[in-house]
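Source file: protein_23.csv. Holds: CSV, C-alpha atoms.
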chain,number,residue,atom,x,y,z
A,461,MET,CA,-64.8,53.0,52.2
A,462,LEU,CA,-66.0,49.6,53.4
A,463,GLN,CA,-66.1,48.3,49.8
A,464,THR,CA,-62.5,49.6,49.2
A,465,VAL,CA,-61.3,47.8,52.3
A,466,LYS,CA,-63.0,44.7,51.2
A,467,LYS,CA,-61.5,44.9,47.7
A,468,ALA,CA,-58.1,45.6,49.2
A,469,SER,CA,-58.4,42.6,51.6
A,470,ILE,CA,-59.3,40.3,48.7
A,471,PHE,CA,-56.5,41.6,46.6
A,472,PHE,CA,-53.9,41.1,49.4
A,473,MET,CA,-55.3,37.7,50.0
A,474,PHE,CA,-54.1,37.0,46.4
A,475,PHE,CA,-51.1,39.2,46.5
A,476,GLY,CA,-49.6,38.2,49.7
A,477,MET,CA,-50.6,34.8,50.7
A,478,MET,CA,-50.3,32.7,47.5
A,479,ILE,CA,-53.3,30.6,48.4
A,480,SER,CA,-54.5,27.6,46.4
A,481,GLY,CA,-56.1,28.1,43.0
A,482,ALA,CA,-59.3,26.4,44.1
A,483,VAL,CA,-59.8,28.9,46.9
A,484,GLN,CA,-59.0,31.8,44.6
A,485,ALA,CA,-61.6,30.8,42.0
A,486,GLN,CA,-64.2,30.3,44.7
A,487,THR,CA,-63.5,33.8,46.1
A,488,ARG,CA,-63.7,35.5,42.7
A,489,ASP,CA,-66.9,33.8,41.8
A,490,SER,CA,-68.5,34.9,45.0
A,491,MET,CA,-67.6,38.5,44.5
A,492,GLU,CA,-70.1,41.2,43.5
A,493,ASP,CA,-69.5,43.7,40.7
A,494,SER,CA,-69.1,46.4,43.3
A,495,ASP,CA,-66.1,44.5,44.8
A,496,LYS,CA,-64.2,44.6,41.5
A,497,TYR,CA,-61.7,47.2,40.4
A,498,ASN,CA,-62.7,49.5,37.6
A,499,ASP,CA,-60.3,50.0,34.6
A,500,ALA,CA,-58.9,53.3,35.9
A,501,GLU,CA,-58.1,51.7,39.2
A,502,ILE,CA,-56.5,48.7,37.5
A,503,ALA,CA,-54.3,51.1,35.4
A,504,ALA,CA,-53.1,52.8,38.6
A,505,ILE,CA,-52.4,49.4,40.3
A,506,ALA,CA,-50.5,48.2,37.2
A,507,VAL,CA,-48.3,51.4,37.0
A,508,ALA,CA,-47.6,51.2,40.8
A,509,ALA,CA,-46.6,47.6,40.6
A,510,ASN,CA,-44.1,48.3,37.8
A,511,GLU,CA,-42.7,51.5,39.4
A,512,ILE,CA,-42.1,49.6,42.7
A,513,ASP,CA,-40.0,47.0,41.0
A,514,ILE,CA,-38.0,49.7,39.2
A,515,GLU,CA,-37.3,51.3,42.6
A,516,TYR,CA,-36.1,48.0,44.0
A,517,ALA,CA,-33.8,47.6,41.0
A,518,LYS,CA,-32.3,51.0,41.4
A,519,ILE,CA,-31.4,50.2,45.0
A,520,ALA,CA,-29.7,47.0,43.7
A,521,LYS,CA,-27.7,49.0,41.2
A,522,ASP,CA,-26.5,51.2,44.0
A,523,LYS,CA,-25.7,48.5,46.5
A,524,SER,CA,-24.7,45.3,44.7
A,525,THR,CA,-21.4,44.4,43.0
A,526,ASN,CA,-22.6,41.0,41.9
A,527,ASP,CA,-22.8,40.8,38.0
A,528,GLU,CA,-25.9,38.5,38.1
A,529,ILE,CA,-27.8,40.8,40.4
A,530,LEU,CA,-26.7,43.9,38.4
A,531,GLY,CA,-27.8,42.2,35.1
A,532,PHE,CA,-31.1,41.2,36.5
A,533,ALA,CA,-31.7,44.7,38.0
A,534,ASN,CA,-30.9,46.4,34.6
A,535,THR,CA,-33.4,44.1,32.9
A,536,MET,CA,-36.1,45.0,35.5
A,537,ILE,CA,-35.5,48.7,34.9
A,538,LYS,CA,-35.7,48.4,31.1
A,539,ASP,CA,-38.7,46.0,31.0
A,540,HIS,CA,-40.9,47.6,33.6
A,541,ASN,CA,-40.3,51.0,32.0
A,542,ALA,CA,-41.4,49.4,28.7
A,543,VAL,CA,-44.6,48.1,30.4
A,544,ILE,CA,-45.3,51.5,31.9
A,545,GLY,CA,-44.8,53.1,28.5
A,546,GLN,CA,-47.3,50.7,27.0
A,547,ALA,CA,-49.8,51.4,29.8
A,548,VAL,CA,-49.4,55.2,29.5
A,549,LYS,CA,-49.9,55.0,25.7
A,550,LEU,CA,-53.0,52.9,26.1
A,551,VAL,CA,-54.7,55.0,28.8
A,552,LYS,CA,-54.1,58.1,26.7
A,553,LYS,CA,-55.7,56.3,23.7
A,554,LEU,CA,-58.6,55.2,25.8
A,555,GLY,CA,-59.0,58.6,27.6
A,556,VAL,CA,-58.7,56.9,31.0
A,557,THR,CA,-57.0,58.6,33.8
A,558,PRO,CA,-55.4,56.1,36.2
A,559,GLU,CA,-57.2,56.5,39.6
A,560,PRO,CA,-54.9,56.1,42.6
A,561,ASN,CA,-56.9,54.1,45.1
A,562,ASP,CA,-56.4,52.7,48.6
A,563,LEU,CA,-54.8,49.6,47.1
A,564,SER,CA,-52.3,51.3,44.8
A,565,LYS,CA,-51.4,53.5,47.8
A,566,LYS,CA,-51.0,50.5,50.1
A,567,LEU,CA,-48.8,48.8,47.5
A,568,ARG,CA,-46.6,51.9,47.5
A,569,SER,CA,-46.5,52.2,51.3
A,570,ASP,CA,-45.6,48.4,51.7
A,571,ALA,CA,-42.9,48.8,49.1
A,572,GLU,CA,-41.4,51.6,51.2
A,573,SER,CA,-40.9,49.2,54.1
A,574,THR,CA,-39.2,46.7,51.8
A,575,ARG,CA,-37.0,49.5,50.4
A,576,MET,CA,-36.0,50.4,54.0
A,577,MET,CA,-35.2,46.7,54.7
A,578,LEU,CA,-33.1,46.5,51.6
A,579,LYS,CA,-31.2,49.7,52.3
A,580,GLU,CA,-30.1,48.4,55.7
A,581,LYS,CA,-28.4,45.4,54.1
A,582,SER,CA,-25.1,45.1,52.3
A,583,GLY,CA,-22.9,42.6,50.4
A,584,GLU,CA,-24.2,39.1,50.1
A,585,ALA,CA,-26.9,39.7,52.6
A,586,PHE,CA,-28.3,42.4,50.4
A,587,ASP,CA,-28.0,40.3,47.2
A,588,LYS,CA,-29.9,37.4,48.9
A,589,ALA,CA,-32.6,39.8,50.3
A,590,TYR,CA,-33.1,41.5,47.0
A,591,ILE,CA,-33.4,38.4,44.8
A,592,ASN,CA,-35.6,36.6,47.4
A,593,ASN,CA,-37.9,39.6,47.3
A,594,GLU,CA,-37.9,39.6,43.5
A,595,VAL,CA,-38.9,36.0,43.4
A,596,ALA,CA,-41.7,36.5,45.8
A,597,TYR,CA,-42.8,39.8,44.2
A,598,HIS,CA,-43.0,38.4,40.7
A,599,LYS,CA,-45.0,35.3,42.0
A,600,ALA,CA,-47.4,37.7,43.7
A,601,VAL,CA,-47.8,40.0,40.7
A,602,ILE,CA,-48.4,37.1,38.3
A,603,ASP,CA,-51.0,35.6,40.6
A,604,ALA,CA,-52.7,39.0,41.0
A,605,ILE,CA,-52.8,39.7,37.3
A,606,GLU,CA,-54.1,36.3,36.4
A,607,ASN,CA,-56.7,36.0,39.1
A,608,VAL,CA,-57.7,39.5,40.0
A,609,LEU,CA,-56.8,42.2,37.4
A,610,ILE,CA,-57.5,40.3,34.2
A,611,PRO,CA,-60.9,39.0,35.4
A,612,ASP,CA,-61.9,42.5,36.6
A,613,THR,CA,-60.8,44.4,33.5
A,614,GLU,CA,-63.7,45.5,31.3
A,615,ASN,CA,-61.8,47.1,28.4
A,616,GLY,CA,-60.5,44.6,25.8
A,617,GLU,CA,-57.3,46.4,25.1
A,618,LEU,CA,-56.4,46.9,28.7
A,619,LYS,CA,-57.1,43.2,29.3
A,620,ASP,CA,-54.9,42.3,26.3
A,621,LEU,CA,-52.1,44.5,27.7
A,622,LEU,CA,-52.3,42.7,31.0
A,623,LYS,CA,-52.3,39.3,29.3
A,624,GLY,CA,-49.3,40.5,27.1
A,625,VAL,CA,-47.3,41.4,30.2
A,626,LEU,CA,-47.5,37.9,31.7
A,627,PRO,CA,-44.9,36.1,29.5
A,628,ALA,CA,-42.4,38.8,30.5
A,629,LEU,CA,-43.2,38.5,34.2
A,630,ARG,CA,-42.9,34.7,34.0
A,631,ALA,CA,-39.5,35.1,32.3
A,632,HIS,CA,-38.5,37.5,35.1
A,633,LEU,CA,-39.5,35.0,37.7
A,634,GLU,CA,-37.5,32.2,36.0
A,635,HIS,CA,-34.5,34.5,35.7
A,636,ALA,CA,-34.8,35.6,39.4
A,637,GLU,CA,-35.0,31.9,40.5
A,638,SER,CA,-31.9,31.1,38.5
A,639,VAL,CA,-30.0,34.2,40.0
A,640,ARG,CA,-31.1,33.1,43.4
A,641,GLU,CA,-29.6,29.7,43.0
A,642,LYS,CA,-26.3,31.2,42.0
A,643,VAL,CA,-26.4,33.9,44.8
A,644,THR,CA,-27.3,31.5,47.5
A,645,MET,CA,-24.9,28.7,46.6
B,1487,MET,CA,-40.8,-7.1,-31.0
B,1488,LYS,CA,-41.2,-3.6,-32.3
B,1489,TYR,CA,-43.3,-2.8,-29.3
B,1490,LEU,CA,-40.5,-4.2,-27.0
B,1491,LEU,CA,-37.8,-2.2,-28.7
B,1492,THR,CA,-39.8,1.0,-28.5
B,1493,SER,CA,-40.4,0.4,-24.7
B,1494,ILE,CA,-36.7,-0.2,-24.1
B,1495,THR,CA,-35.7,2.9,-26.0
B,1496,LEU,CA,-38.3,5.0,-24.1
B,1497,CYS,CA,-37.0,3.7,-20.8
B,1498,LEU,CA,-33.4,4.4,-21.6
B,1499,PHE,CA,-34.4,7.9,-22.8
B,1500,VAL,CA,-36.4,8.7,-19.7
B,1501,SER,CA,-33.7,7.4,-17.3
B,1502,GLY,CA,-31.1,9.3,-19.3
B,1503,ILE,CA,-33.0,12.6,-18.8
B,1504,SER,CA,-33.5,11.7,-15.2
B,1505,GLY,CA,-29.8,11.0,-14.7
B,1506,CYS,CA,-28.8,14.2,-16.4
B,1507,SER,CA,-31.3,16.1,-14.3
B,1508,SER,CA,-29.9,14.6,-11.0
B,1509,SER,CA,-26.4,15.4,-12.0
B,1510,ARG,CA,-27.3,19.0,-12.8
B,1511,GLU,CA,-29.1,19.3,-9.5
B,1512,ARG,CA,-26.0,18.2,-7.6
B,1513,ASP,CA,-23.8,20.6,-9.6
B,1514,LYS,CA,-26.0,23.6,-9.2
B,1515,PRO,CA,-24.7,25.8,-6.4
B,1516,VAL,CA,-27.2,26.3,-3.6
B,1517,GLN,CA,-28.4,29.9,-3.4
B,1518,PRO,CA,-28.2,31.4,0.1
B,1519,VAL,CA,-31.6,32.0,1.7
B,1520,THR,CA,-32.8,34.4,4.4
B,1521,HIS,CA,-34.8,32.8,7.2
B,1522,THR,CA,-36.9,34.6,9.8
B,1523,ILE,CA,-37.1,34.1,13.5
B,1524,VAL,CA,-39.8,36.1,15.3
B,1525,ILE,CA,-39.2,37.0,18.9
B,1526,LYS,CA,-42.6,37.1,20.6
B,1527,GLN,CA,-43.9,36.4,24.1
B,1528,MET,CA,-40.3,36.0,25.4
B,1529,LYS,CA,-39.6,33.1,22.9
B,1530,PHE,CA,-37.6,32.7,19.7
B,1531,VAL,CA,-40.0,31.3,17.2
B,1532,PRO,CA,-38.9,28.8,15.9
B,1533,ASP,CA,-36.4,28.1,18.6
B,1534,GLN,CA,-34.5,25.6,16.4
B,1535,LEU,CA,-33.7,26.2,12.8
B,1536,THR,CA,-31.7,24.2,10.3
B,1537,VAL,CA,-30.0,26.2,7.5
B,1538,HIS,CA,-27.5,25.8,4.7
B,1539,PRO,CA,-24.0,27.2,5.2
B,1540,GLY,CA,-24.1,30.8,4.1
B,1541,ASP,CA,-27.7,31.3,4.8
B,1542,THR,CA,-28.8,34.5,6.7
B,1543,VAL,CA,-31.1,34.6,9.7
B,1544,THR,CA,-33.2,37.6,10.6
B,1545,TRP,CA,-34.6,38.0,14.0
B,1546,ILE,CA,-37.6,40.4,14.3
B,1547,ASN,CA,-38.7,41.6,17.8
B,1548,GLU,CA,-42.4,41.7,18.2
B,1549,ASP,CA,-42.3,42.0,22.0
B,1550,PHE,CA,-42.6,45.5,23.6
B,1551,VAL,CA,-39.6,44.7,25.8
B,1552,SER,CA,-36.1,44.9,24.1
B,1553,HIS,CA,-34.1,41.7,23.5
B,1554,THR,CA,-30.6,40.8,22.3
B,1555,VAL,CA,-29.4,37.8,20.4
B,1556,ALA,CA,-26.0,36.5,21.5
B,1557,ALA,CA,-23.9,33.3,21.0
B,1558,LYS,CA,-24.1,31.2,24.1
B,1559,ASN,CA,-20.9,30.5,26.0
B,1560,ASP,CA,-18.2,31.3,23.4
B,1561,GLU,CA,-19.3,35.0,23.1
B,1562,LYS,CA,-18.3,35.2,19.4
B,1563,TRP,CA,-21.0,37.6,18.6
B,1564,GLU,CA,-23.8,39.6,20.2
B,1565,SER,CA,-26.4,42.0,18.8
B,1566,ASP,CA,-27.1,45.5,20.1
B,1567,GLU,CA,-30.4,45.9,21.9
B,1568,ILE,CA,-33.2,45.0,19.5
B,1569,LYS,CA,-36.2,47.2,20.3
B,1570,GLN,CA,-39.9,46.5,19.4
B,1571,GLY,CA,-40.2,46.3,15.6
B,1572,GLU,CA,-36.4,46.2,15.0
B,1573,ARG,CA,-34.5,43.4,13.5
B,1574,PHE,CA,-31.0,41.8,13.6
B,1575,MET,CA,-29.4,39.8,10.7
B,1576,LEU,CA,-26.5,37.4,10.7
B,1577,THR,CA,-25.0,34.9,8.2
B,1578,PHE,CA,-24.1,31.5,9.4
B,1579,THR,CA,-21.3,29.1,8.6
B,1580,ASP,CA,-21.3,27.2,11.9
B,1581,SER,CA,-24.0,25.9,14.2
B,1582,VAL,CA,-24.6,27.8,17.4
B,1583,ARG,CA,-26.7,27.9,20.5
B,1584,TYR,CA,-27.8,31.5,21.4
B,1585,THR,CA,-29.7,33.4,24.0
B,1586,CYS,CA,-31.0,36.8,24.9
B,1587,THR,CA,-28.6,38.4,27.3
B,1588,LEU,CA,-31.4,40.5,28.9
B,1589,HIS,CA,-33.5,37.4,29.4
B,1590,PRO,CA,-31.2,34.4,29.7
B,1591,VAL,CA,-34.1,32.0,30.1
B,1592,MET,CA,-34.7,32.5,26.3
B,1593,GLU,CA,-32.7,30.1,24.2
B,1594,GLY,CA,-32.5,29.1,20.6
B,1595,ARG,CA,-30.3,27.0,18.2
B,1596,ILE,CA,-29.2,27.4,14.6
B,1597,LEU,CA,-28.0,24.1,13.1
B,1598,VAL,CA,-25.9,24.5,10.0
B,1599,ASP,CA,-26.3,21.3,8.0
B,1600,ARG,CA,-23.0,20.6,6.1
B,1601,GLU,CA,-24.7,17.9,4.1
B,1602,LEU,CA,-26.9,20.6,2.6
B,1603,GLU,CA,-23.8,22.3,1.3
B,1604,MET,CA,-23.4,19.6,-1.5

Once more with this new file: its structure as structure tokens, please.
Amino acid sequence: MLQTVKKASIFFMFFGMMISGAVQAQTRDSMEDSDKYNDAEIAAIAVAANEIDIEYAKIAKDKSTNDEILGFANTMIKDHNAVIGQAVKLVKKLGVTPEPNDLSKKLRSDAESTRMMLKEKSGEAFDKAYINNEVAYHKAVIDAIENVLIPDTENGELKDLLKGVLPALRAHLEHAESVREKVTM
Amino acid sequence: MKYLLTSITLCLFVSGISGCSSSRERDKPVQPVTHTIVIKQMKFVPDQLTVHPGDTVTWINEDFVSHTVAAKNDEKWESDEIKQGERFMLTFTDSVRYTCTLHPVMEGRILVDRELEM
């Protein structure tokens, strides 16, 4: 349990705080193998992260009337479902069962509070809150995949899948930043 | 003297052949060609392509997310969703800047070179 808490703490240090690359590298180097996630846990975290963004997008489709927001939300639903499809196909091939863990559960419970916050807003306030969250969420996910999940992954195909997802996430981030400029003008 | 005449004759003959050949090259209609642009890692590769008028361009999607190909700004044409492994083809007579409507950060350009039409 202590190890799980330690792993989760390290992950959220990456995921939530956006600390400098130098500090990140130092932290990863000083970790022991027991502090790392196994492939089954990483698969569960990856699926959770994609499902969370799909849920945010579904709220946006219900609440927004802004074409830029709706277009972005549609793309998030399509792309993150495609990533989940790839992940499911791979874990079946590898015979790995994604292992829900304290971290994937924490991601989901934190997302629940974000969903509540979004549901309380409407109109322009909703649009701004949604797209600000998307910018922050994608930055955090990219950072976590680059600095935590890819280094921890043992299986080559799972590692390749995570690397393969990064260009799409970077495009999402750039798209979100462009929508945010238009929405907050 | 004989050597000089032979050289001049040979030069005229060679330049005549060369001239005829150039003229034939100019008269020969350019056959339309099909070019390929691969969509991978959220980019059009190559993102700029010069073609002859009447050439066809085929986009092949190698990403696992779907894409579209659509003229930018003037909205003259737009593909349906291109899923992984699928392709979209279009013949060009005019230059165009294009994008993916699902991922507007992706951009490309087809340049139709009218001088290549001769």

Under the rule of at most 6 Å, produce a per-residue listing of chain B near chain A: chain, number, name, the closest pair of atoms, and the distance in Å, as CSV, using all atoms listed in the file.
residue,atom,partner,partner_atom,distance
B:Gln1527,CA,A:Pro627,CA,5.5
B:Val1551,CA,A:Asp539,CA,5.4
B:Leu1588,CA,A:Thr535,CA,5.7

To one decimal place, how far is atom CA of A:Arg640 from atom CA of A:Ala589 in Å?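 Pair atom CA of A:Arg640 / atom CA of A:Ala589 returns 9.7 Å.
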
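We find atom CA of B:Ile1568 and atom CA of B:Val1555 to be spaced 8.2 Å apart.
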
Using only C-alpha atoms, pick whichever of A:Ala533, A:Ala506, A:Val639, A:Leu609 has the shortest atom-to-atom distance to A:Ala547. A:Ala506

When you look at B:Met1592 with a cut-off of 8 Å (counting only C-alpha atoms), what residues show up, excluding the ones that are within fewer than 4 positions of it in the same chain? I need them as a ChimeraX atom specification. /B:1528-1530,1585-1586

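Minimum atom-to-atom distance to A:Ala504, evaluated using only C-alpha atoms, belongs to A:Asn561 out of A:Ser573, A:Asn592, A:Asn561, A:Asn607.
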
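Across the model, the gap from atom CA of A:Glu637 to atom CA of A:Ser564 is 26.3 Å.
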